[in-house]
file final21.pdb (PDB, C-alpha atoms and all ligand atoms)
ATOM      1  CA  MET A  24    -180.786  -3.888  90.489  1.00  0.00           C
ATOM      2  CA  SER A  25    -181.464  -2.797  86.920  1.00  0.00           C
ATOM      3  CA  GLU A  26    -180.691  -6.061  85.176  1.00  0.00           C
ATOM      4  CA  GLU A  27    -179.995  -9.617  86.251  1.00  0.00           C
ATOM      5  CA  LYS A  28    -176.301 -10.309  86.340  1.00  0.00           C
ATOM      6  CA  LYS A  29    -174.993 -13.719  87.244  1.00  0.00           C
ATOM      7  CA  ILE A  30    -173.041 -13.578  90.487  1.00  0.00           C
ATOM      8  CA  ARG A  31    -170.483 -16.174  91.380  1.00  0.00           C
ATOM      9  CA  MET A  32    -168.170 -16.064  94.361  1.00  0.00           C
ATOM     10  CA  PHE A  33    -165.106 -18.045  95.290  1.00  0.00           C
ATOM     11  CA  THR A  34    -164.866 -18.037  99.068  1.00  0.00           C
ATOM     12  CA  ILE A  35    -163.263 -19.594 102.139  1.00  0.00           C
ATOM     13  CA  SER A  36    -165.795 -20.994 104.633  1.00  0.00           C
ATOM     14  CA  THR A  37    -164.072 -19.371 107.636  1.00  0.00           C
ATOM     15  CA  CYS A  38    -163.264 -16.027 106.002  1.00  0.00           C
ATOM     16  CA  SER A  39    -164.964 -13.021 107.594  1.00  0.00           C
ATOM     17  CA  HIS A  40    -164.780 -10.960 104.378  1.00  0.00           C
ATOM     18  CA  CYS A  41    -166.435 -13.830 102.477  1.00  0.00           C
ATOM     19  CA  LYS A  42    -169.158 -14.131 105.140  1.00  0.00           C
ATOM     20  CA  ALA A  43    -169.733 -10.375 105.028  1.00  0.00           C
ATOM     21  CA  ALA A  44    -170.065 -10.483 101.228  1.00  0.00           C
ATOM     22  CA  LYS A  45    -172.591 -13.350 101.409  1.00  0.00           C
ATOM     23  CA  ARG A  46    -174.532 -11.544 104.137  1.00  0.00           C
ATOM     24  CA  PHE A  47    -174.549  -8.327 102.124  1.00  0.00           C
ATOM     25  CA  LEU A  48    -175.997 -10.023  99.028  1.00  0.00           C
ATOM     26  CA  ARG A  49    -178.593 -11.949 101.044  1.00  0.00           C
ATOM     27  CA  GLU A  50    -179.672  -8.782 102.855  1.00  0.00           C
ATOM     28  CA  HIS A  51    -180.175  -7.154  99.468  1.00  0.00           C
ATOM     29  CA  GLY A  52    -182.161 -10.125  98.174  1.00  0.00           C
ATOM     30  CA  VAL A  53    -179.542 -10.803  95.509  1.00  0.00           C
ATOM     31  CA  GLU A  54    -179.155 -14.376  94.308  1.00  0.00           C
ATOM     32  CA  PHE A  55    -175.648 -15.730  93.971  1.00  0.00           C
ATOM     33  CA  GLU A  56    -173.659 -18.910  93.682  1.00  0.00           C
ATOM     34  CA  PHE A  57    -170.602 -19.535  95.782  1.00  0.00           C
ATOM     35  CA  THR A  58    -167.905 -22.135  96.167  1.00  0.00           C
ATOM     36  CA  ASP A  59    -166.166 -22.538  99.516  1.00  0.00           C
ATOM     37  CA  VAL A  60    -162.825 -23.540  98.053  1.00  0.00           C
ATOM     38  CA  ASP A  61    -161.399 -24.866 101.336  1.00  0.00           C
ATOM     39  CA  LEU A  62    -164.189 -27.459 101.606  1.00  0.00           C
ATOM     40  CA  LEU A  63    -163.666 -29.007  98.180  1.00  0.00           C
ATOM     41  CA  PRO A  64    -162.123 -32.437  97.647  1.00  0.00           C
ATOM     42  CA  ARG A  65    -158.523 -32.221  96.501  1.00  0.00           C
ATOM     43  CA  ASP A  66    -159.040 -32.770  92.743  1.00  0.00           C
ATOM     44  CA  GLU A  67    -161.980 -30.439  92.550  1.00  0.00           C
ATOM     45  CA  LYS A  68    -160.061 -27.856  94.534  1.00  0.00           C
ATOM     46  CA  ARG A  69    -157.184 -27.999  92.081  1.00  0.00           C
ATOM     47  CA  ASN A  70    -159.526 -27.307  89.145  1.00  0.00           C
ATOM     48  CA  ILE A  71    -161.334 -24.503  90.918  1.00  0.00           C
ATOM     49  CA  LEU A  72    -158.025 -22.887  91.909  1.00  0.00           C
ATOM     50  CA  LYS A  73    -157.038 -22.759  88.252  1.00  0.00           C
ATOM     51  CA  GLU A  74    -160.300 -20.973  87.587  1.00  0.00           C
ATOM     52  CA  VAL A  75    -159.807 -18.547  90.488  1.00  0.00           C
ATOM     53  CA  GLU A  76    -156.325 -17.783  89.207  1.00  0.00           C
ATOM     54  CA  LYS A  77    -157.740 -16.719  85.824  1.00  0.00           C
ATOM     55  CA  TYR A  78    -159.741 -13.982  87.526  1.00  0.00           C
ATOM     56  CA  ASN A  79    -157.420 -13.215  90.418  1.00  0.00           C
ATOM     57  CA  PRO A  80    -153.771 -14.304  90.075  1.00  0.00           C
ATOM     58  CA  ARG A  81    -153.203 -13.774  93.800  1.00  0.00           C
ATOM     59  CA  ARG A  82    -155.964 -16.309  94.604  1.00  0.00           C
ATOM     60  CA  SER A  83    -157.311 -14.279  97.505  1.00  0.00           C
ATOM     61  CA  TYR A  84    -160.877 -14.416  98.812  1.00  0.00           C
ATOM     62  CA  PRO A  85    -163.578 -13.548  98.209  1.00  0.00           C
ATOM     63  CA  THR A  86    -163.111 -13.378  94.455  1.00  0.00           C
ATOM     64  CA  ILE A  87    -166.451 -12.150  93.166  1.00  0.00           C
ATOM     65  CA  LEU A  88    -167.710 -12.294  89.592  1.00  0.00           C
ATOM     66  CA  ILE A  89    -170.632 -10.039  88.759  1.00  0.00           C
ATOM     67  CA  GLY A  90    -171.340 -10.470  85.074  1.00  0.00           C
ATOM     68  CA  ASP A  91    -168.006  -9.570  83.470  1.00  0.00           C
ATOM     69  CA  THR A  92    -166.778  -7.628  86.488  1.00  0.00           C
ATOM     70  CA  VAL A  93    -164.257  -9.188  88.843  1.00  0.00           C
ATOM     71  CA  ILE A  94    -164.090  -7.821  92.390  1.00  0.00           C
ATOM     72  CA  VAL A  95    -161.382  -9.036  94.725  1.00  0.00           C
ATOM     73  CA  GLY A  96    -162.289  -8.685  98.397  1.00  0.00           C
ATOM     74  CA  PHE A  97    -165.528  -7.529  99.979  1.00  0.00           C
ATOM     75  CA  LYS A  98    -165.691  -4.036  98.514  1.00  0.00           C
ATOM     76  CA  GLU A  99    -169.214  -2.923  99.252  1.00  0.00           C
ATOM     77  CA  GLU A 100    -169.228   0.180  97.066  1.00  0.00           C
ATOM     78  CA  ARG A 101    -167.872  -1.706  94.046  1.00  0.00           C
ATOM     79  CA  ILE A 102    -170.465  -4.449  94.508  1.00  0.00           C
ATOM     80  CA  LYS A 103    -173.242  -1.869  94.792  1.00  0.00           C
ATOM     81  CA  ALA A 104    -172.000  -0.134  91.651  1.00  0.00           C
ATOM     82  CA  ALA A 105    -171.738  -3.403  89.710  1.00  0.00           C
ATOM     83  CA  LEU A 106    -175.265  -4.381  90.767  1.00  0.00           C
ATOM     84  CA  GLU A 107    -176.637  -0.839  90.622  1.00  0.00           C
ATOM     85  CA  LEU A 108    -178.055  -1.313  94.092  1.00  0.00           C
ATOM     86  CA  ASP A 109    -179.825   1.423  95.998  1.00  0.00           C
ATOM     87  CA  LYS A 110    -178.027   2.727  99.023  1.00  0.00           C
ATOM     88  CA  THR A 111    -181.034   1.804 101.166  1.00  0.00           C
ATOM     89  CA  GLY A 112    -180.891  -1.298 103.266  1.00  0.00           C
ATOM     90  CA  ALA A 113    -177.115  -1.504 103.087  1.00  0.00           C
ATOM     91  CA  ALA A 114    -175.647  -4.378 104.949  1.00  0.00           C
ATOM     92  CA  THR A 115    -173.029  -3.994 107.596  1.00  0.00           C
ATOM     93  CA  ALA A 116    -170.073  -6.261 108.098  1.00  0.00           C
ATOM     94  CA  ALA A 117    -171.065  -6.859 111.672  1.00  0.00           C
ATOM     95  CA  GLY A 118    -170.905 -10.444 112.768  1.00  0.00           C
ATOM     96  CA  GLU A 119    -173.764 -12.355 114.262  1.00  0.00           C
ATOM     97  CA  ALA A 120    -171.893 -13.871 117.154  1.00  0.00           C
ATOM     98  CA  SER A 121    -172.786 -12.808 120.655  1.00  0.00           C
ATOM     99  CA  GLU A 122    -170.132 -12.472 123.309  1.00  0.00           C
ATOM    100  CA  GLN A 123    -172.453 -14.429 125.615  1.00  0.00           C
ATOM    101  CA  GLU A 124    -172.726 -17.218 123.103  1.00  0.00           C
ATOM    102  CA  ASP A 125    -169.685 -19.198 123.918  1.00  0.00           C
ATOM    103  CA  ALA A 126    -167.705 -19.128 127.134  1.00  0.00           C
ATOM    104  CA  ASP A 127    -164.693 -20.727 125.456  1.00  0.00           C
ATOM    105  CA  ILE A 128    -164.531 -17.945 122.904  1.00  0.00           C
ATOM    106  CA  THR A 129    -164.830 -15.346 125.639  1.00  0.00           C
ATOM    107  CA  ARG A 130    -161.930 -16.900 127.540  1.00  0.00           C
ATOM    108  CA  PHE A 131    -159.920 -17.157 124.339  1.00  0.00           C
ATOM    109  CA  TYR A 132    -160.683 -13.507 123.590  1.00  0.00           C
ATOM    110  CA  GLU A 133    -159.631 -12.306 127.037  1.00  0.00           C
ATOM    111  CA  ALA A 134    -156.381 -14.274 127.060  1.00  0.00           C
ATOM    112  CA  LEU A 135    -155.343 -13.128 123.586  1.00  0.00           C
ATOM    113  CA  LYS A 136    -156.439  -9.547 124.205  1.00  0.00           C
ATOM    114  CA  LYS A 137    -154.143  -9.221 127.174  1.00  0.00           C
ATOM    115  CA  ALA A 138    -151.170 -10.795 125.440  1.00  0.00           C
ATOM    116  CA  GLN A 139    -151.565  -8.951 122.131  1.00  0.00           C
ATOM    117  CA  GLU A 140    -152.393  -5.520 123.520  1.00  0.00           C
ATOM    118  CA  ALA A 141    -149.095  -5.692 125.394  1.00  0.00           C
ATOM    119  CA  LYS A 142    -147.474  -5.936 121.943  1.00  0.00           C
ATOM    120  CA  GLY A 143    -149.482  -3.010 120.551  1.00  0.00           C
ATOM    121  CA  TYR A 144    -152.095  -5.051 118.656  1.00  0.00           C
ATOM    122  CA  PHE A 145    -155.760  -4.556 119.469  1.00  0.00           C
ATOM    123  CA  PHE A 146    -158.810  -6.598 118.608  1.00  0.00           C
ATOM    124  CA  ASN A 147    -161.223  -4.985 116.178  1.00  0.00           C
ATOM    125  CA  LYS A 148    -163.711  -3.174 118.425  1.00  0.00           C
ATOM    126  CA  ASP A 149    -166.532  -4.755 116.383  1.00  0.00           C
ATOM    127  CA  LYS A 150    -166.939  -7.672 118.774  1.00  0.00           C
ATOM    128  CA  GLY A 151    -169.299  -9.523 116.446  1.00  0.00           C
ATOM    129  CA  ARG A 152    -166.619  -9.543 113.768  1.00  0.00           C
ATOM    130  CA  THR A 153    -163.873 -10.368 116.256  1.00  0.00           C
ATOM    131  CA  PHE A 154    -165.756 -13.290 117.816  1.00  0.00           C
ATOM    132  CA  GLU A 155    -166.643 -14.631 114.382  1.00  0.00           C
ATOM    133  CA  LEU A 156    -162.947 -14.632 113.494  1.00  0.00           C
ATOM    134  CA  LEU A 157    -161.886 -16.190 116.797  1.00  0.00           C
ATOM    135  CA  LYS A 158    -164.436 -18.973 116.273  1.00  0.00           C
ATOM    136  CA  ALA A 159    -163.046 -19.484 112.780  1.00  0.00           C
ATOM    137  CA  LEU A 160    -159.529 -19.750 114.201  1.00  0.00           C
ATOM    138  CA  LEU A 161    -160.723 -22.517 116.527  1.00  0.00           C
ATOM    139  CA  VAL A 162    -162.420 -24.257 113.583  1.00  0.00           C
ATOM    140  CA  ASN A 163    -159.105 -24.167 111.733  1.00  0.00           C
ATOM    141  CA  LYS A 164    -157.242 -25.445 114.774  1.00  0.00           C
ATOM    142  CA  GLU A 165    -159.556 -28.446 114.743  1.00  0.00           C
ATOM    143  CA  ARG A 166    -159.220 -28.921 110.957  1.00  0.00           C
ATOM    144  CA  TYR A 167    -155.514 -28.339 110.491  1.00  0.00           C
ATOM    145  CA  GLY A 168    -153.996 -28.752 113.945  1.00  0.00           C
ATOM    146  CA  TYR A 169    -152.996 -25.089 114.096  1.00  0.00           C
ATOM    147  CA  MET A 170    -154.746 -21.757 113.858  1.00  0.00           C
ATOM    148  CA  ALA A 171    -154.444 -21.002 110.159  1.00  0.00           C
ATOM    149  CA  CYS A 172    -155.654 -17.568 109.074  1.00  0.00           C
ATOM    150  CA  PRO A 173    -159.446 -17.764 108.582  1.00  0.00           C
ATOM    151  CA  CYS A 174    -159.291 -15.597 105.444  1.00  0.00           C
ATOM    152  CA  ARG A 175    -156.716 -17.617 103.538  1.00  0.00           C
ATOM    153  CA  LEU A 176    -156.520 -21.073 102.017  1.00  0.00           C
ATOM    154  CA  ALA A 177    -154.422 -23.387 104.184  1.00  0.00           C
ATOM    155  CA  VAL A 178    -152.916 -26.636 102.887  1.00  0.00           C
ATOM    156  CA  LYS A 179    -152.797 -28.614 106.145  1.00  0.00           C
ATOM    157  CA  ASP A 180    -149.007 -28.599 106.154  1.00  0.00           C
ATOM    158  CA  ARG A 181    -147.611 -26.651 109.078  1.00  0.00           C
ATOM    159  CA  GLU A 182    -144.350 -25.892 107.327  1.00  0.00           C
ATOM    160  CA  ARG A 183    -146.043 -24.496 104.211  1.00  0.00           C
ATOM    161  CA  ASP A 184    -148.677 -22.684 106.223  1.00  0.00           C
ATOM    162  CA  LYS A 185    -146.363 -21.316 108.880  1.00  0.00           C
ATOM    163  CA  ASP A 186    -146.527 -17.766 107.492  1.00  0.00           C
ATOM    164  CA  ILE A 187    -150.326 -17.728 107.940  1.00  0.00           C
ATOM    165  CA  ILE A 188    -150.580 -19.208 111.418  1.00  0.00           C
ATOM    166  CA  CYS A 189    -152.273 -16.504 113.449  1.00  0.00           C
ATOM    167  CA  PRO A 190    -150.852 -14.003 114.147  1.00  0.00           C
ATOM    168  CA  CYS A 191    -149.403 -14.268 110.650  1.00  0.00           C
ATOM    169  CA  VAL A 192    -146.096 -12.784 109.569  1.00  0.00           C
ATOM    170  CA  TYR A 193    -148.029 -10.223 107.520  1.00  0.00           C
ATOM    171  CA  ARG A 194    -149.784  -8.710 110.538  1.00  0.00           C
ATOM    172  CA  GLU A 195    -146.933  -6.439 111.478  1.00  0.00           C
ATOM    173  CA  PRO A 196    -146.464  -4.758 108.061  1.00  0.00           C
ATOM    174  CA  ASP A 197    -150.229  -4.640 107.433  1.00  0.00           C
ATOM    175  CA  VAL A 198    -151.015  -2.977 110.750  1.00  0.00           C
ATOM    176  CA  ALA A 199    -148.082  -0.588 110.217  1.00  0.00           C
ATOM    177  CA  GLU A 200    -149.288   0.354 106.720  1.00  0.00           C
ATOM    178  CA  PHE A 201    -153.077  -0.017 106.905  1.00  0.00           C
ATOM    179  CA  GLY A 202    -153.821  -0.031 110.639  1.00  0.00           C
ATOM    180  CA  SER A 203    -155.313  -3.529 110.321  1.00  0.00           C
ATOM    181  CA  CYS A 204    -154.359  -7.096 109.537  1.00  0.00           C
ATOM    182  CA  TYR A 205    -155.734  -8.691 106.374  1.00  0.00           C
ATOM    183  CA  CYS A 206    -158.743 -10.201 108.218  1.00  0.00           C
ATOM    184  CA  ASN A 207    -159.480  -7.026 110.261  1.00  0.00           C
ATOM    185  CA  LEU A 208    -159.004  -9.043 113.463  1.00  0.00           C
ATOM    186  CA  TYR A 209    -155.973  -7.171 114.812  1.00  0.00           C
ATOM    187  CA  VAL A 210    -155.887  -3.431 114.385  1.00  0.00           C
ATOM    188  CA  SER A 211    -154.060  -0.398 115.680  1.00  0.00           C
ATOM    189  CA  LYS A 212    -155.454   1.784 118.468  1.00  0.00           C
ATOM    190  CA  GLU A 213    -155.925   4.588 115.916  1.00  0.00           C
ATOM    191  CA  TRP A 214    -157.902   2.309 113.573  1.00  0.00           C
ATOM    192  CA  ASN A 215    -160.261   1.383 116.425  1.00  0.00           C
ATOM    193  CA  GLU A 216    -160.672   5.047 117.327  1.00  0.00           C
ATOM    194  CA  ASN A 217    -161.442   5.917 113.686  1.00  0.00           C
ATOM    195  CA  ALA A 218    -158.381   8.158 113.695  1.00  0.00           C
ATOM    196  CA  ALA A 219    -156.965   6.134 110.795  1.00  0.00           C
ATOM    197  CA  PRO A 220    -158.753   5.297 107.508  1.00  0.00           C
ATOM    198  CA  HIS A 221    -160.348   1.853 107.257  1.00  0.00           C
ATOM    199  CA  ALA A 222    -158.821   1.035 103.902  1.00  0.00           C
ATOM    200  CA  TYR A 223    -159.117  -2.321 102.182  1.00  0.00           C
ATOM    201  CA  VAL A 224    -156.086  -4.399 103.155  1.00  0.00           C
ATOM    202  CA  PRO A 225    -154.697  -6.112 100.042  1.00  0.00           C
ATOM    203  CA  GLU A 226    -153.250  -9.618 100.214  1.00  0.00           C
ATOM    204  CA  ARG A 227    -149.541  -9.331 101.013  1.00  0.00           C
ATOM    205  CA  ARG A 228    -148.859 -13.064 100.927  1.00  0.00           C
ATOM    206  CA  PRO A 229    -146.797 -13.869  97.811  1.00  0.00           C
ATOM    207  CA  PRO A 230    -148.908 -15.539  95.069  1.00  0.00           C
ATOM    208  CA  GLU A 231    -146.638 -18.598  94.996  1.00  0.00           C
ATOM    209  CA  LYS A 232    -147.755 -19.321  98.563  1.00  0.00           C
ATOM    210  CA  THR A 233    -151.469 -19.053  97.890  1.00  0.00           C
ATOM    211  CA  ARG A 234    -151.736 -22.084  95.661  1.00  0.00           C
ATOM    212  CA  GLY A 235    -153.357 -24.304  98.258  1.00  0.00           C
ATOM    213  CA  ASP A 236    -153.677 -27.111  95.702  1.00  0.00           C
ATOM    214  CA  THR A 237    -152.294 -30.128  97.464  1.00  0.00           C
TER     215      THR A 237
HETATM  216  S1  LIG B 301    -153.289 -11.703 112.140  1.00  0.00           S
HETATM  217 FE1  LIG B 301    -153.027 -12.615 110.136  1.00  0.00          FE
HETATM  218  S2  LIG B 301    -153.636 -14.729 110.471  1.00  0.00           S
HETATM  219 FE2  LIG B 301    -154.474 -13.589 112.170  1.00  0.00          FE
HETATM  220  S3  LIG B 301    -156.530 -13.048 111.527  1.00  0.00           S
HETATM  221 FE3  LIG B 301    -155.172 -11.344 110.982  1.00  0.00          FE
HETATM  222  S4  LIG B 301    -154.608 -11.713 108.848  1.00  0.00           S
HETATM  223 FE4  LIG B 301    -155.430 -13.635 109.651  1.00  0.00          FE
END
call {"tool": "encode", "arguments": {"input": "final21.pdb", "output": "structure tokens"}}
result
Amino acid sequence: MSEEKKIRMFTISTCSHCKAAKRFLREHGVEFEFTDVDLLPRDEKRNILKEVEKYNPRRSYPTILIGDTVIVGFKEERIKAALELDKTGAATAAGEASEQEDADITRFYEALKKAQEAKGYFFNKDKGRTFELLKALLVNKERYGYMACPCRLAVKDRERDKDIICPCVYREPDVAEFGSCYCNLYVSKEWNENAAPHAYVPERRPPEKTRGDT
């Protein structure tokens, strides 16, 4: 890195893209500050959301500030360019979870795999990433009472969050257009076989639903 730039990230604690961004910076020895917005007390959350909105009106995560540059989503090449990082030692987005690690997750994985493949939706073949996301879904089930999307800010109100209960209503159009859902948990067969580009999936949820401030 040619010069020190202050790095600040707004993240969701369960979000795989946010975890990948943190991992990437740590693996490059880059110091950063982050705020897990979903873990903040209500008043603090409201203030931080106003700040996030200034940089990213859609309030999607991670929202990354590198000096004056705002990067929405874990976009490795843009982060490298902003930090002028060497290409050596690049991080991968692979998760750290092992499929042996947790029998409950394995059972959960197998049950969902069967049901969702029958509908034409496949788990990301990166099992580390997939298991990380499945664990996050179970964390959210415990926190909210339902499996809110790990990569979005839920408000603990089933009615208001119903569009982001996994599988969210955005999965179908995202997989049709990009070959992957927003979190990269569910993908098309072609995406898994690298026969479709692995493009960044932009947030499709309308901004008025991403407020998360109550
Ligand atoms: S299907 Fe929707 S809710 Fe489930 S992980 Fe993917 S983006 Fe999140």
call {"tool": "closest_residue", "arguments": {"input": "final21.pdb", "among": "A:Glu140, A:Phe97, A:Val210, A:Ala177", "to": "Arg46 (chain A)", "atoms": "only C-alpha atoms"}}
result
A:Phe97
call {"tool": "residues_near_point", "arguments": {"input": "final21.pdb", "point": "(-152.0, -27.7, 115.0)", "cutoff": "12 Å", "atoms": "all atoms listed in the file", "output": "list of chain:residue names"}}
result
A:Leu160, A:Leu161, A:Val162, A:Asn163, A:Lys164, A:Glu165, A:Arg166, A:Tyr167, A:Gly168, A:Tyr169, A:Met170, A:Ala171, A:Ala177, A:Lys179, A:Asp180, A:Arg181, A:Glu182, A:Asp184, A:Lys185, A:Ile188, A:Cys189
call {"tool": "resolve_selection", "arguments": {"input": "final21.pdb", "expression": "the PyMOL selection byres (((chain A and resi 72) around 12) and not hetatm)", "output": "PyMOL selection string"}}
result
chain A and resi 33-35+58-61+63-71+73-84+86+176+233-237
call {"tool": "axis_aligned_box", "arguments": {"input": "final21.pdb", "around": "ligand LIG 301 (chain B)", "padding_each_side": "3 Å", "output": "lines of an AutoDock Vina configuration file"}}
result
center_x = -154.8
center_y = -13.0
center_z = 110.5
size_x = 9.5
size_y = 9.4
size_z = 9.3
call {"tool": "resolve_selection", "arguments": {"input": "final21.pdb", "expression": "the PyMOL selection byres (((chain A and resi 91) around 12) and not hetatm)", "output": "ChimeraX atom specification"}}
result
/A:28-31,78,87-90,92-94,105-106
call {"tool": "closest_residue", "arguments": {"input": "final21.pdb", "among": "A:Pro225, A:Pro220, A:Pro230, A:Gly151", "to": "ligand LIG 301 (chain B)", "atoms": "all atoms listed in the file"}}
result
A:Pro225
call {"tool": "resolve_selection", "arguments": {"input": "final21.pdb", "expression": "the PyMOL selection byres (((chain A and resi 216) around 12) and not hetatm)", "output": "list in words"}}
result
Phe145, Phe146, Asn147, Lys148, Asp149, Gly202, Val210, Ser211, Lys212, Glu213, Trp214, Asn215, Asn217, Ala218, Ala219, Pro220 and His221 of chain A
call {"tool": "write_last_selection", "arguments": {"input": "final21.pdb", "atoms": "C-alpha atoms", "output": "compact mmCIF listing (two decimals), keeping the file's coordinate frame"}}
result
# COMPACT_ATOMS: atom_id res chain seq x y z
CA PHE A 145 -155.76 -4.56 119.47
CA PHE A 146 -158.81 -6.60 118.61
CA ASN A 147 -161.22 -4.99 116.18
CA LYS A 148 -163.71 -3.17 118.42
CA ASP A 149 -166.53 -4.76 116.38
CA GLY A 202 -153.82 -0.03 110.64
CA VAL A 210 -155.89 -3.43 114.38
CA SER A 211 -154.06 -0.40 115.68
CA LYS A 212 -155.45 1.78 118.47
CA GLU A 213 -155.93 4.59 115.92
CA TRP A 214 -157.90 2.31 113.57
CA ASN A 215 -160.26 1.38 116.42
CA ASN A 217 -161.44 5.92 113.69
CA ALA A 218 -158.38 8.16 113.70
CA ALA A 219 -156.96 6.13 110.80
CA PRO A 220 -158.75 5.30 107.51
CA HIS A 221 -160.35 1.85 107.26
call {"tool": "residues_near_ligand", "arguments": {"input": "final21.pdb", "ligand": "ligand LIG 301 (chain B)", "cutoff": "8 Å", "atoms": "only C-alpha atoms and all ligand atoms", "output": "PyMOL selection string"}}
result
chain A and resi 156+160+170-175+187-194+203-209
call {"tool": "atom_distance", "arguments": {"input": "final21.pdb", "atom1": "CA of Gln139 (chain A)", "atom2": "CA of Ala199 (chain A)"}}
result
15.0 Å
call {"tool": "atom_distance", "arguments": {"input": "final21.pdb", "atom1": "CA of Tyr132 (chain A)", "atom2": "CA of Arg183 (chain A)"}}
result
26.7 Å
